[in-house]
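Remarks on the structure that follows.
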Amino acid sequence: MKIEEVQSTTKKQRIATHTHIKGLGLYPNGNAVPLAAGFFGQAQAREAAGLVVDMIRQKKMAGRALLLAGPPGTGKTALALGIAQELGSKVPFCPMVGSEVYSAEVKKTEVLMENFRRAIGLRIKENKEVYEGEVTELSPEETESVIGGYGKSISHVIIGLKTVKGTKQLKLDPTIYDALIKEKVAVGDVIYIEANSGAVKRVGRSDAFATEFDLEAEEYVPLPKGEVHKKKEIVQDVTLHDLDAANARPQGGQDILSLMGQMMKPKKTEITDKLRQEINKVVNRYIDEGVAELVPGVLFIDEVHMLDIECFSYLNRALESSLSPIVIFATNRGVCDVRGTTMKSPHGIPVDLLDRLVIIRTETYGPAEMIQILAIRVQVEELVVDEEGLAYLGEIGQRASLRHAVQLLSPASIIAKMNGRDSICKADVEEVDSLYLDAKSSARLLQEQQDRYIS
């Protein structure tokens with residue numbers, strides 16, 4: 001008898017640098033928990049970030065920006081991601097790097113504006129006529145193809161929908177069948193179909209199937225109440241950039257010339273200021289009528305010192321706009337030149353912009369904190385390291401950098417497996433450390449052996 005073990009259907013997530021960050025790890029009173037949500041250390045910075053989260057929730061952070069400043073490898077990006085996790089998935093979070101603005105296709109300020117608009121959400125509430133229920137039947141009806149030949153085309157779709165109050169059978173257009181396939185709708189799913197547009201939305205799997213061994217990643221929802229055909233308030237979350245992009249696309253006809261024109265257009269089209277102003281007018285009208293609500297999100301600009309004086313002056317103006325997200329900058333520079341000028345300034349940011357910023361400083365980690373962070377990473381990467389190995393990794397972190405110590409974990413685990421062990425010991429870490437140089441050692445070698453290199 002052959003018995004095979006079936007692998008779980010939940011996707012194996014790629015482990016990235018900040019996979020372990022799940023929030024800021026604060027008590028309800030705002031104080032930092034020593035070890036929580038993947039964070040250890042940086043208590044003051046986390047508490048300050050917690051206050052920023054509260055200000056964002058109370059909509060008191062408009063027109064202000066936040067700067068995370070500190071040496072490399074002190075958790076600036078982790079703090080920004082922690083803020084995003086605390087705000088939740090409904091608040092837009094748009095990360096970018098300072099050097100992204102230098103594109104050959106689009107103006108620098110256009111890239112910044114695009115990301116600004118990506119970080120501003122709009123929650124639109126609409127009362128729509130819908131057919132909602134659990135799918136009891138889904139059968140496409142085929143007819144002979146109009147074009148001739150042996151092919152068959154779908155003439156209509158019969159779908160059965162069930163709610164607590166009753167069931168209805170609907171005959172739908174073939175275009176709706178395409179939408180049903182796109183949404184991966186199957187019998188037993190709870191869906192709604194908009195009566196006017198024919199748009200289909202899969203809400204989830206009916207909880208009547210929750211006892212079955214269904215997909216582990218499924219979201220179960222209760223059977224809808226009321227009639228199948230009803231008026232329902234539908235909430236849609238979009239960003240201002242989505243609205244810009246939807247209205248900027250050429251709406252040409254289906255003839256060959258207009259299709260060719262669309263194909264010939266460059267991939268990246270600049271959205272004009274005029275179009276944005278028109279969209280802002282519509283958005284403001286929606287907000288005044290109470291149809292929509294503005295959700296200012298977070299724009300995170302890492303390596304902000306890479307921006308130049310044009311971008312900084314543009315940011316000054318953009319932060320004053322009524323439609324402005326909360327902007328978080330991060331930098332590891334001290335006093336250096338503002339790009340595009342010969343003027344020196346703290347963090348490479350002009351003084352007039354620094355005035356607008358709330359600055360949170362991150363401190364270098366101590367030996368005990370480094371070991372604790374490495375222990376968290378070991379757990380996330382599903383590895384086993386003995387105490388001596390962890391202590392030695394902590395020493396490497398102190399000597400080189402925390403990032404370098406974290407990077408040595410994976411090769412050390414492979415060496416341990418090659419030596420027939422499941423856990424990483426000090427000898428494995430020493431071997432890996434001798435194989436790979438860190439940035440400081442490499443710079444020292446270059447200094448000593450300058451005559452061997454071309455300079």
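Ligands are numbered from 1 in the order shown, chains are lettered A, B, ... in the order of the structure tokens, and residues start at 1 in each chain.
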>> I need the alpha helix (DSSP H) residues of segment 60-271 of chain A per DSSP on the backbone, written as JSON, numbers by chain.
In response: {"A": [76, 77, 78, 79, 80, 81, 82, 83, 84, 85, 86, 87, 108, 109, 110, 111, 112, 113, 114, 115, 116, 117, 118, 174, 175, 176, 177, 178, 179, 180, 181, 182, 240, 241, 242, 243, 244, 245, 246, 247, 248, 256, 257, 258, 259, 260, 261, 262, 263, 264]}
Determine, using only C-alpha atoms, which residues of segment 88-155 of chain A have any atom at most 12 Å from an atom of segment 40-61 of chain A, and tabulate each with its shortest atom pair and distance in Å to one decimal place, rows ordered by chain and then rising number, as a tab-separated table.
```
residue	atom	partner	partner_atom	distance
A:Gly88	CA	A:Val53	CA	10.6
A:Lys90	CA	A:Arg57	CA	11.9
A:Val91	CA	A:Arg57	CA	9.8
```
>> Quick one: residues within 7 Å of Lys76 of chain A, only C-alpha atoms, excluding same-chain residues fewer than 5 positions away - as a list of chain:residue names?
In response: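 Everything that qualifies: A:Leu68, A:Ala330, A:Thr362.
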Can you spit out the residues from that selection as a short mmCIF file (atom, residue, chain, number, x, y, z; two decimals), in the first residue's frame, using all heavy atoms?
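Now in out.cif:
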```cif
data_model
loop_
_atom_site.label_atom_id
_atom_site.label_comp_id
_atom_site.auth_asym_id
_atom_site.auth_seq_id
_atom_site.Cartn_x
_atom_site.Cartn_y
_atom_site.Cartn_z
N LEU A 68 13.57 59.56 9.64
CA LEU A 68 14.24 58.53 10.45
C LEU A 68 15.72 58.64 10.11
O LEU A 68 16.13 58.39 8.97
CB LEU A 68 13.72 57.14 10.09
CG LEU A 68 12.20 56.93 10.23
CD1 LEU A 68 11.79 55.59 9.65
CD2 LEU A 68 11.77 57.01 11.68
N ALA A 330 13.97 58.48 5.17
CA ALA A 330 15.00 57.76 5.94
C ALA A 330 16.35 58.05 5.31
O ALA A 330 16.48 58.09 4.08
CB ALA A 330 14.73 56.26 5.93
N THR A 362 17.65 56.81 15.31
CA THR A 362 17.85 55.39 15.67
C THR A 362 19.29 55.21 16.13
O THR A 362 20.21 55.78 15.54
CB THR A 362 17.57 54.46 14.47
OG1 THR A 362 18.39 54.85 13.37
CG2 THR A 362 16.11 54.50 14.06
#
```
> A:Ala246, A:Val97, A:Val298, A:Ile309: which is nearest Met343 of chain A, counting only C-alpha atoms?
Replying inline: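 Counting only C-alpha atoms, the residue closest to Met343 of chain A is A:Ile309.
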> When DSSP works through the backbone of this structure, what residues of segment 150-373 of chain A end up as strand (DSSP E or B), shown as an MDAnalysis selection string?
Replying inline: chainID A and resid 152:162 167:172 189:194 200:206 220:221 229:239 292:296 298:302 308 326:331 335:337 339 344:346 357:361
>> I'd like the interatomic distance between atom CA of Asn332 of chain A and atom CA of Leu26 of chain A, to a tenth of an Å.
In response: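 Atom-to-atom, atom CA of Asn332 of chain A and atom CA of Leu26 of chain A are spaced 24.9 Å apart.
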>> I need the residue nearest Arg117 of chain A from this list: A:Leu323, A:Val385, A:Val335, A:Cys311. Use only C-alpha atoms for the distance.
In response: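 Among the listed residues, A:Leu323 lies closest to Arg117 of chain A.
Comparing A:Ile328, A:Leu172, A:Ile301, A:Ile120 by their smallest distance to Val238 of chain A, the closest is A:Ile120 (using only C-alpha atoms).
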>> Env of segment 387-398 of chain A: 7 Å cut, atoms = only C-alpha atoms, seq-sep filter 6 positions within chain, self excluded. Answer as JSON, numbers by chain.
In response: {"A": [367, 370, 371, 404, 405, 424, 425, 426, 429]}
>> Rounded to one decimal, what separation in Å do you get between atom CA of Glu142 of chain A and atom CA of Ile176 of chain A?
In response: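 Value for the atom CA of Glu142 of chain A-atom CA of Ile176 of chain A distance: 14.5 Å.
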> Which neighbours of Ile414 of chain A fall inside 12 Å, counting only C-alpha atoms, when residues of the same chain fewer than 4 positions from it are skipped, and could you give them as a ChimeraX atom specification?
Replying inline: /A:383-384,408-410,418-425,428-429,431-432
Store the residues of this selection in a file with C-alpha atoms, as a tab-separated table (two decimals), in the first residue's frame.
```
chain	number	residue	atom	x	y	z
A	383	LEU	CA	17.29	27.52	11.40
A	384	VAL	CA	18.90	26.19	14.58
A	408	LEU	CA	26.10	34.77	7.12
A	409	LEU	CA	23.20	32.73	8.56
A	410	SER	CA	22.13	31.00	5.31
A	418	MET	CA	27.21	19.43	4.53
A	419	ASN	CA	28.91	18.40	7.78
A	420	GLY	CA	25.87	16.28	8.69
A	421	ARG	CA	24.45	18.54	11.42
A	422	ASP	CA	21.04	20.20	11.78
A	423	SER	CA	22.21	22.99	14.05
A	424	ILE	CA	24.80	25.66	13.21
A	425	CYS	CA	27.78	25.71	15.58
A	428	ASP	CA	30.45	26.71	10.81
A	429	VAL	CA	30.16	30.46	11.46
A	431	GLU	CA	34.33	28.94	8.32
A	432	VAL	CA	31.76	31.21	6.59
```
> In terms of the shortest atom-to-atom distance over only C-alpha atoms, which of A:Asp173, A:Glu137, A:Asp237, A:Glu448 is closest to Ser89 of chain A?
Replying inline: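 Ranking A:Asp173, A:Glu137, A:Asp237, A:Glu448 by distance to Ser89 of chain A, first place goes to A:Asp237.
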